[in-house]
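Source file: run_19.pdb; contents: PDB, C-alpha atoms, pLDDT in the B column.
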MODEL        1
ATOM      1  CA  MET B   9       0.000   0.000   0.000  1.00 82.00           C
ATOM      2  CA  SER B  10       1.353   3.444  -0.896  1.00 84.00           C
ATOM      3  CA  ARG B  11       1.787   6.215   1.679  1.00 88.00           C
ATOM      4  CA  ASP B  12       1.003   9.902   1.620  1.00 90.00           C
ATOM      5  CA  ILE B  13       4.013  12.099   2.233  1.00 92.00           C
ATOM      6  CA  GLN B  14       4.680  15.546   3.591  1.00 96.00           C
ATOM      7  CA  VAL B  15       7.770  17.446   2.446  1.00 96.00           C
ATOM      8  CA  THR B  16       9.352  19.457   5.265  1.00 95.00           C
ATOM      9  CA  PHE B  17      11.512  22.536   4.726  1.00 95.00           C
ATOM     10  CA  ASP B  18      13.781  24.037   7.365  1.00 94.00           C
ATOM     11  CA  ALA B  19      13.426  27.810   7.112  1.00 95.00           C
ATOM     12  CA  HIS B  20      14.367  31.096   8.687  1.00 96.00           C
ATOM     13  CA  ASP B  21      10.996  32.620   7.724  1.00 97.00           C
ATOM     14  CA  PRO B  22       8.374  29.859   7.413  1.00 97.00           C
ATOM     15  CA  ARG B  23       5.553  32.233   6.502  1.00 97.00           C
ATOM     16  CA  ALA B  24       7.458  33.896   3.651  1.00 98.00           C
ATOM     17  CA  LEU B  25       8.841  30.622   2.302  1.00 97.00           C
ATOM     18  CA  SER B  26       5.434  28.933   2.437  1.00 98.00           C
ATOM     19  CA  THR B  27       3.951  31.910   0.578  1.00 98.00           C
ATOM     20  CA  PHE B  28       6.578  31.537  -2.158  1.00 98.00           C
ATOM     21  CA  TRP B  29       5.835  27.818  -2.576  1.00 98.00           C
ATOM     22  CA  ARG B  30       2.054  28.457  -2.404  1.00 98.00           C
ATOM     23  CA  ASP B  31       2.351  30.837  -5.329  1.00 98.00           C
ATOM     24  CA  ALA B  32       4.895  28.691  -7.195  1.00 97.00           C
ATOM     25  CA  LEU B  33       2.761  25.541  -7.069  1.00 97.00           C
ATOM     26  CA  GLY B  34      -0.795  26.903  -6.962  1.00 97.00           C
ATOM     27  CA  TYR B  35      -1.223  25.544  -3.438  1.00 98.00           C
ATOM     28  CA  VAL B  36      -3.201  27.102  -0.567  1.00 97.00           C
ATOM     29  CA  HIS B  37      -2.545  27.839   3.082  1.00 97.00           C
ATOM     30  CA  PRO B  38      -4.954  25.750   5.162  1.00 96.00           C
ATOM     31  CA  GLY B  39      -6.980  27.461   7.851  1.00 94.00           C
ATOM     32  CA  PRO B  40      -6.399  26.980  11.580  1.00 95.00           C
ATOM     33  CA  PRO B  41      -7.785  23.836  13.240  1.00 93.00           C
ATOM     34  CA  GLY B  42     -11.486  24.030  13.961  1.00 91.00           C
ATOM     35  CA  VAL B  43     -11.883  27.332  12.118  1.00 89.00           C
ATOM     36  CA  GLU B  44     -14.273  27.449   9.164  1.00 89.00           C
ATOM     37  CA  LEU B  45     -13.000  30.054   6.706  1.00 91.00           C
ATOM     38  CA  PRO B  46     -15.644  31.916   4.700  1.00 90.00           C
ATOM     39  CA  GLU B  47     -14.935  32.302   0.974  1.00 89.00           C
ATOM     40  CA  GLY B  48     -12.363  35.029   0.341  1.00 89.00           C
ATOM     41  CA  THR B  49     -10.917  34.961   3.868  1.00 93.00           C
ATOM     42  CA  ASP B  50      -7.130  35.288   4.080  1.00 95.00           C
ATOM     43  CA  PRO B  51      -5.936  32.091   5.803  1.00 96.00           C
ATOM     44  CA  LEU B  52      -2.760  33.780   7.078  1.00 95.00           C
ATOM     45  CA  ALA B  53      -4.810  36.529   8.741  1.00 94.00           C
ATOM     46  CA  ALA B  54      -7.020  33.801  10.239  1.00 94.00           C
ATOM     47  CA  TRP B  55      -3.865  32.134  11.612  1.00 95.00           C
ATOM     48  CA  ASP B  56      -2.727  35.452  13.118  1.00 94.00           C
ATOM     49  CA  ASP B  57      -6.107  35.832  14.883  1.00 93.00           C
ATOM     50  CA  PHE B  58      -6.137  32.185  15.981  1.00 94.00           C
ATOM     51  CA  LEU B  59      -2.610  32.254  17.421  1.00 95.00           C
ATOM     52  CA  ALA B  60      -3.296  35.517  19.282  1.00 94.00           C
ATOM     53  CA  ARG B  61      -6.571  34.098  20.653  1.00 93.00           C
ATOM     54  CA  ILE B  62      -4.898  30.956  22.035  1.00 94.00           C
ATOM     55  CA  GLY B  63      -2.092  32.990  23.599  1.00 95.00           C
ATOM     56  CA  VAL B  64       0.888  32.170  21.390  1.00 95.00           C
ATOM     57  CA  PRO B  65       3.453  34.937  21.991  1.00 95.00           C
ATOM     58  CA  GLU B  66       3.965  37.161  18.962  1.00 93.00           C
ATOM     59  CA  ASP B  67       7.648  36.181  18.627  1.00 93.00           C
ATOM     60  CA  GLN B  68       6.611  32.519  18.226  1.00 94.00           C
ATOM     61  CA  ARG B  69       3.902  32.970  15.602  1.00 93.00           C
ATOM     62  CA  ASN B  70       6.217  32.403  12.626  1.00 96.00           C
ATOM     63  CA  THR B  71       7.775  29.116  13.763  1.00 96.00           C
ATOM     64  CA  ARG B  72       5.828  26.981  11.297  1.00 96.00           C
ATOM     65  CA  SER B  73       3.593  27.166   8.271  1.00 97.00           C
ATOM     66  CA  ALA B  74       2.139  24.801   5.682  1.00 97.00           C
ATOM     67  CA  VAL B  75       0.637  24.742   2.221  1.00 98.00           C
ATOM     68  CA  GLU B  76      -1.546  22.098   0.614  1.00 97.00           C
ATOM     69  CA  ASP B  77      -2.638  21.105  -2.870  1.00 97.00           C
ATOM     70  CA  PRO B  78      -6.241  22.341  -3.204  1.00 96.00           C
ATOM     71  CA  ASP B  79      -6.982  19.306  -5.398  1.00 97.00           C
ATOM     72  CA  GLY B  80      -5.583  16.885  -2.806  1.00 94.00           C
ATOM     73  CA  ARG B  81      -3.147  15.243  -5.256  1.00 94.00           C
ATOM     74  CA  GLY B  82       0.233  16.672  -4.281  1.00 95.00           C
ATOM     75  CA  PRO B  83       2.048  16.356  -0.974  1.00 96.00           C
ATOM     76  CA  ARG B  84       1.566  18.809   1.862  1.00 97.00           C
ATOM     77  CA  LEU B  85       4.557  21.115   2.340  1.00 97.00           C
ATOM     78  CA  PHE B  86       5.505  21.972   5.939  1.00 97.00           C
ATOM     79  CA  PHE B  87       7.899  24.769   6.891  1.00 97.00           C
ATOM     80  CA  GLN B  88       9.585  24.800  10.288  1.00 96.00           C
ATOM     81  CA  GLN B  89      11.780  27.543  11.682  1.00 96.00           C
ATOM     82  CA  VAL B  90      15.375  26.623  12.420  1.00 94.00           C
ATOM     83  CA  PRO B  91      18.180  28.894  13.655  1.00 89.00           C
ATOM     84  CA  GLU B  92      21.001  27.534  11.500  1.00 88.00           C
ATOM     85  CA  ASP B  93      21.816  28.617   7.958  1.00 83.00           C
ATOM     86  CA  LYS B  94      21.740  26.283   4.980  1.00 82.00           C
ATOM     87  CA  VAL B  95      25.398  25.357   4.538  1.00 82.00           C
ATOM     88  CA  ALA B  96      25.471  22.900   1.624  1.00 81.00           C
ATOM     89  CA  LYS B  97      23.551  21.744  -1.414  1.00 79.00           C
ATOM     90  CA  ASN B  98      20.331  20.058  -0.413  1.00 81.00           C
ATOM     91  CA  ARG B  99      20.374  16.300  -0.976  1.00 81.00           C
ATOM     92  CA  VAL B 100      16.700  16.181  -1.953  1.00 86.00           C
ATOM     93  CA  HIS B 101      15.065  18.728  -4.201  1.00 89.00           C
ATOM     94  CA  LEU B 102      11.739  19.269  -5.885  1.00 93.00           C
ATOM     95  CA  ASP B 103      11.244  18.983  -9.632  1.00 95.00           C
ATOM     96  CA  VAL B 104       8.421  21.318 -10.622  1.00 96.00           C
ATOM     97  CA  ARG B 105       6.730  19.974 -13.749  1.00 96.00           C
ATOM     98  CA  ALA B 106       6.270  23.221 -15.661  1.00 96.00           C
ATOM     99  CA  ALA B 107       6.116  21.894 -19.239  1.00 96.00           C
ATOM    100  CA  PRO B 108       4.316  18.550 -19.256  1.00 94.00           C
ATOM    101  CA  GLY B 109       4.055  17.023 -22.714  1.00 93.00           C
ATOM    102  CA  LEU B 110       6.154  19.708 -24.399  1.00 95.00           C
ATOM    103  CA  GLN B 111       9.460  19.099 -26.179  1.00 93.00           C
ATOM    104  CA  GLY B 112      12.296  21.034 -27.761  1.00 94.00           C
ATOM    105  CA  GLU B 113      12.086  24.820 -28.037  1.00 96.00           C
ATOM    106  CA  GLU B 114       8.411  24.859 -27.068  1.00 97.00           C
ATOM    107  CA  ARG B 115       9.306  23.103 -23.815  1.00 97.00           C
ATOM    108  CA  MET B 116      12.257  25.378 -23.085  1.00 97.00           C
ATOM    109  CA  ALA B 117      10.145  28.474 -23.812  1.00 98.00           C
ATOM    110  CA  ALA B 118       7.539  27.272 -21.296  1.00 98.00           C
ATOM    111  CA  LEU B 119      10.286  26.651 -18.723  1.00 98.00           C
ATOM    112  CA  GLU B 120      11.735  30.122 -19.363  1.00 98.00           C
ATOM    113  CA  ALA B 121       8.311  31.723 -18.858  1.00 98.00           C
ATOM    114  CA  GLU B 122       7.827  29.872 -15.572  1.00 98.00           C
ATOM    115  CA  CYS B 123      11.375  30.757 -14.519  1.00 98.00           C
ATOM    116  CA  ALA B 124      10.653  34.465 -15.066  1.00 98.00           C
ATOM    117  CA  ARG B 125       7.432  34.195 -13.025  1.00 98.00           C
ATOM    118  CA  LEU B 126       9.233  32.498 -10.136  1.00 98.00           C
ATOM    119  CA  VAL B 127      12.135  34.970 -10.198  1.00 98.00           C
ATOM    120  CA  ALA B 128       9.538  37.734  -9.781  1.00 98.00           C
ATOM    121  CA  LEU B 129       8.288  35.851  -6.680  1.00 98.00           C
ATOM    122  CA  GLY B 130      11.780  35.726  -5.156  1.00 98.00           C
ATOM    123  CA  ALA B 131      13.452  32.661  -6.684  1.00 98.00           C
ATOM    124  CA  ALA B 132      16.897  32.786  -8.306  1.00 98.00           C
ATOM    125  CA  ARG B 133      17.928  31.190 -11.566  1.00 98.00           C
ATOM    126  CA  VAL B 134      21.056  29.006 -11.324  1.00 98.00           C
ATOM    127  CA  ARG B 135      21.447  27.585 -14.827  1.00 97.00           C
ATOM    128  CA  ARG B 136      19.706  26.185 -17.898  1.00 98.00           C
ATOM    129  CA  ASP B 137      20.520  22.673 -19.098  1.00 96.00           C
ATOM    130  CA  GLU B 138      19.700  22.231 -22.775  1.00 96.00           C
ATOM    131  CA  PRO B 139      17.838  19.185 -24.076  1.00 93.00           C
ATOM    132  CA  ALA B 140      20.123  16.183 -24.668  1.00 91.00           C
ATOM    133  CA  PRO B 141      17.887  13.406 -26.035  1.00 87.00           C
ATOM    134  CA  PRO B 142      17.246  10.682 -25.210  1.00 86.00           C
ATOM    135  CA  MET B 143      18.353  11.161 -21.585  1.00 91.00           C
ATOM    136  CA  SER B 144      17.238  14.731 -20.882  1.00 92.00           C
ATOM    137  CA  GLU B 145      14.496  16.931 -22.265  1.00 95.00           C
ATOM    138  CA  GLY B 146      16.135  20.044 -20.753  1.00 96.00           C
ATOM    139  CA  PHE B 147      15.507  21.812 -17.454  1.00 97.00           C
ATOM    140  CA  ILE B 148      16.262  24.962 -15.458  1.00 98.00           C
ATOM    141  CA  VAL B 149      17.905  24.807 -12.033  1.00 97.00           C
ATOM    142  CA  MET B 150      16.688  27.422  -9.535  1.00 97.00           C
ATOM    143  CA  THR B 151      16.736  28.221  -5.828  1.00 96.00           C
ATOM    144  CA  ASP B 152      13.853  29.378  -3.671  1.00 97.00           C
ATOM    145  CA  PRO B 153      14.159  32.566  -1.558  1.00 97.00           C
ATOM    146  CA  GLU B 154      16.069  30.676   1.170  1.00 95.00           C
ATOM    147  CA  GLY B 155      18.497  28.955  -1.206  1.00 94.00           C
ATOM    148  CA  ASN B 156      16.845  25.527  -1.539  1.00 94.00           C
ATOM    149  CA  GLU B 157      17.569  24.117  -4.981  1.00 95.00           C
ATOM    150  CA  PHE B 158      14.755  22.943  -7.264  1.00 96.00           C
ATOM    151  CA  CYS B 159      14.351  22.291 -10.970  1.00 97.00           C
ATOM    152  CA  LEU B 160      11.806  23.340 -13.538  1.00 97.00           C
ATOM    153  CA  ASP B 161      11.322  20.420 -15.880  1.00 94.00           C
TER     154      ASP B 161
ENDMDL
END
Rewritten as structure tokens:
Amino acid sequence: MSRDIQVTFDAHDPRALSTFWRDALGYVHPGPPGVELPEGTDPLAAWDDFLARIGVPEDQRNTRSAVEDPDGRGPRLFFQQVPEDKVAKNRVHLDVRAAPGLQGEERMAALEAECARLVALGAARVRRDEPAPPMSEGFIVMTDPEGNEFCLD
């Protein structure tokens, strides 16, 4: 039997990093436990109200965050605050499927468009690897706002 997974990110600023990945993947921030969010309600504002109401000190309100696939297909992403800096290349990274079914220049153009969108959200471009059939269709290596490497492919 297969298992659901959650991908956990260590972060200096969980709220900001979760917002980047929410926007990058089309995910959503879930609401606080036991809180029904009316349509159009900002889940992060609801979290602020919830944490204040249950007495979480203000300096501890950005220690964790999460985003979820609104369609329930992708894994939940969890962000936890850690004091240490990222010191080496991450050993696991995400591949963001930004050009499914496309090949050649059409594929690379779609990856470039997505790269530009993500750079505007705070990501950094590292390099472009050209298609090298049959082993690679081409991809773009990037880092998120906290330096975690991922690929657009």
Using all atoms listed in the file, find each residue of region 67-139 of chain B with at least one atom at most 8 Å away from an atom of region 143-149 of chain B; report its shortest atom-to-atom pair and that distance in Å (one decimal), sort the rows by chain and rising residue number, and return the result as CSV.
residue,atom,partner,partner_atom,distance
B:Gln111,CA,B:Glu145,CA,6.7
B:Gly112,CA,B:Glu145,CA,7.2
B:Met116,CA,B:Gly146,CA,7.0
B:Leu119,CA,B:Ile148,CA,7.0
B:Glu120,CA,B:Ile148,CA,7.9
B:Cys123,CA,B:Ile148,CA,7.6
B:Arg133,CA,B:Val149,CA,6.4
B:Val134,CA,B:Val149,CA,5.3
B:Arg135,CA,B:Val149,CA,5.3
B:Arg136,CA,B:Ile148,CA,4.4
B:Asp137,CA,B:Phe147,CA,5.3
B:Glu138,CA,B:Gly146,CA,4.6
B:Pro139,CA,B:Gly146,CA,3.8
Please, which residues in region 52-158 of chain B fall within 7 Å of region 22-38 of chain B when counting all atoms listed in the file, and what is the closest atom pair and distance in Å to one decimal for each, ordered by chain then residue number, as JSON lines?
{"residue": "B:Asn70", "atom": "CA", "partner": "B:Arg23", "partner_atom": "CA", "distance": 6.2}
{"residue": "B:Thr71", "atom": "CA", "partner": "B:Pro22", "partner_atom": "CA", "distance": 6.4}
{"residue": "B:Arg72", "atom": "CA", "partner": "B:Pro22", "partner_atom": "CA", "distance": 5.5}
{"residue": "B:Ser73", "atom": "CA", "partner": "B:Pro22", "partner_atom": "CA", "distance": 5.6}
{"residue": "B:Ala74", "atom": "CA", "partner": "B:His37", "partner_atom": "CA", "distance": 6.2}
{"residue": "B:Val75", "atom": "CA", "partner": "B:His37", "partner_atom": "CA", "distance": 4.5}
{"residue": "B:Glu76", "atom": "CA", "partner": "B:Tyr35", "partner_atom": "CA", "distance": 5.3}
{"residue": "B:Asp77", "atom": "CA", "partner": "B:Tyr35", "partner_atom": "CA", "distance": 4.7}
{"residue": "B:Pro78", "atom": "CA", "partner": "B:Tyr35", "partner_atom": "CA", "distance": 6.0}
{"residue": "B:Phe87", "atom": "CA", "partner": "B:Pro22", "partner_atom": "CA", "distance": 5.1}
{"residue": "B:Gln88", "atom": "CA", "partner": "B:Pro22", "partner_atom": "CA", "distance": 5.9}
{"residue": "B:Gln89", "atom": "CA", "partner": "B:Pro22", "partner_atom": "CA", "distance": 5.9}
{"residue": "B:Leu126", "atom": "CA", "partner": "B:Ala32", "partner_atom": "CA", "distance": 6.5}
{"residue": "B:Leu129", "atom": "CA", "partner": "B:Phe28", "partner_atom": "CA", "distance": 6.5}
{"residue": "B:Pro153", "atom": "CA", "partner": "B:Leu25", "partner_atom": "CA", "distance": 6.9}
Could you write out the selected residues, including C-alpha atoms, as a JSON list (two decimals), keeping the file's coordinate frame?
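So the final result, stored in part10.json, reads:
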[["chain", "number", "residue", "atom", "x", "y", "z"],
["B", 70, "ASN", "CA", 6.22, 32.40, 12.63],
["B", 71, "THR", "CA", 7.78, 29.12, 13.76],
["B", 72, "ARG", "CA", 5.83, 26.98, 11.30],
["B", 73, "SER", "CA", 3.59, 27.17, 8.27],
["B", 74, "ALA", "CA", 2.14, 24.80, 5.68],
["B", 75, "VAL", "CA", 0.64, 24.74, 2.22],
["B", 76, "GLU", "CA", -1.55, 22.10, 0.61],
["B", 77, "ASP", "CA", -2.64, 21.10, -2.87],
["B", 78, "PRO", "CA", -6.24, 22.34, -3.20],
["B", 87, "PHE", "CA", 7.90, 24.77, 6.89],
["B", 88, "GLN", "CA", 9.59, 24.80, 10.29],
["B", 89, "GLN", "CA", 11.78, 27.54, 11.68],
["B", 126, "LEU", "CA", 9.23, 32.50, -10.14],
["B", 129, "LEU", "CA", 8.29, 35.85, -6.68],
["B", 153, "PRO", "CA", 14.16, 32.57, -1.56]]
When distances are computed from only C-alpha atoms, which of B:Ser10, B:Phe158, B:Ala60, B:Ala132 shows the smallest separation from Arg99 (chain B)? B:Phe158
Can you tell me how far CA of Asn156 (chain B) sits from CA of Asn98 (chain B), in Å to one decimal?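 Computing the Euclidean distance for CA of Asn156 (chain B) and CA of Asn98 (chain B) yields 6.6 Å.
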Shortest interatomic distance to Pro108 (chain B) - which of B:Ala131, B:Val64, B:Pro83, B:Asp161, counting only C-alpha atoms: B:Asp161
Between CA of Asp93 (chain B) and CA of Gly63 (chain B), distance in Å (one decimal):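 If I compute the distance from CA of Asp93 (chain B) to CA of Gly63 (chain B), I get 28.9 Å.
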May I ask which of the residues B:Val127, B:Phe86, B:Arg81, B:Pro91 is the closest one to Val15 (chain B), counting all atoms listed in the file? B:Phe86
Option closest in space to Asp152 (chain B), from B:Ile62, B:Ala19, B:Pro41, B:Gly82 [counting only C-alpha atoms]: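 Among B:Ile62, B:Ala19, B:Pro41, B:Gly82, it is B:Ala19 that comes nearest to Asp152 (chain B).
Residue nearest Gly80 (chain B) within the list B:Glu113, B:Asp12, B:Glu122, B:Asp56: B:Asp12 [criterion: smallest interatomic distance, only C-alpha atoms].
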Shortest interatomic distance to Gln14 (chain B) - which of B:Arg84, B:His101, B:Arg69, B:Arg61, counting only C-alpha atoms: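 Checking each candidate against Gln14 (chain B), we get B:Arg84 as the closest.
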Quick one: 5 Å padding each side, axis-aligned, all listed atoms of region 52-59 of chain B - centre and edge lengths in Å to one decimal, as JSON?
{"center_x": -4.8, "center_y": 34.3, "center_z": 12.2, "size_x": 14.4, "size_y": 14.4, "size_z": 20.3}
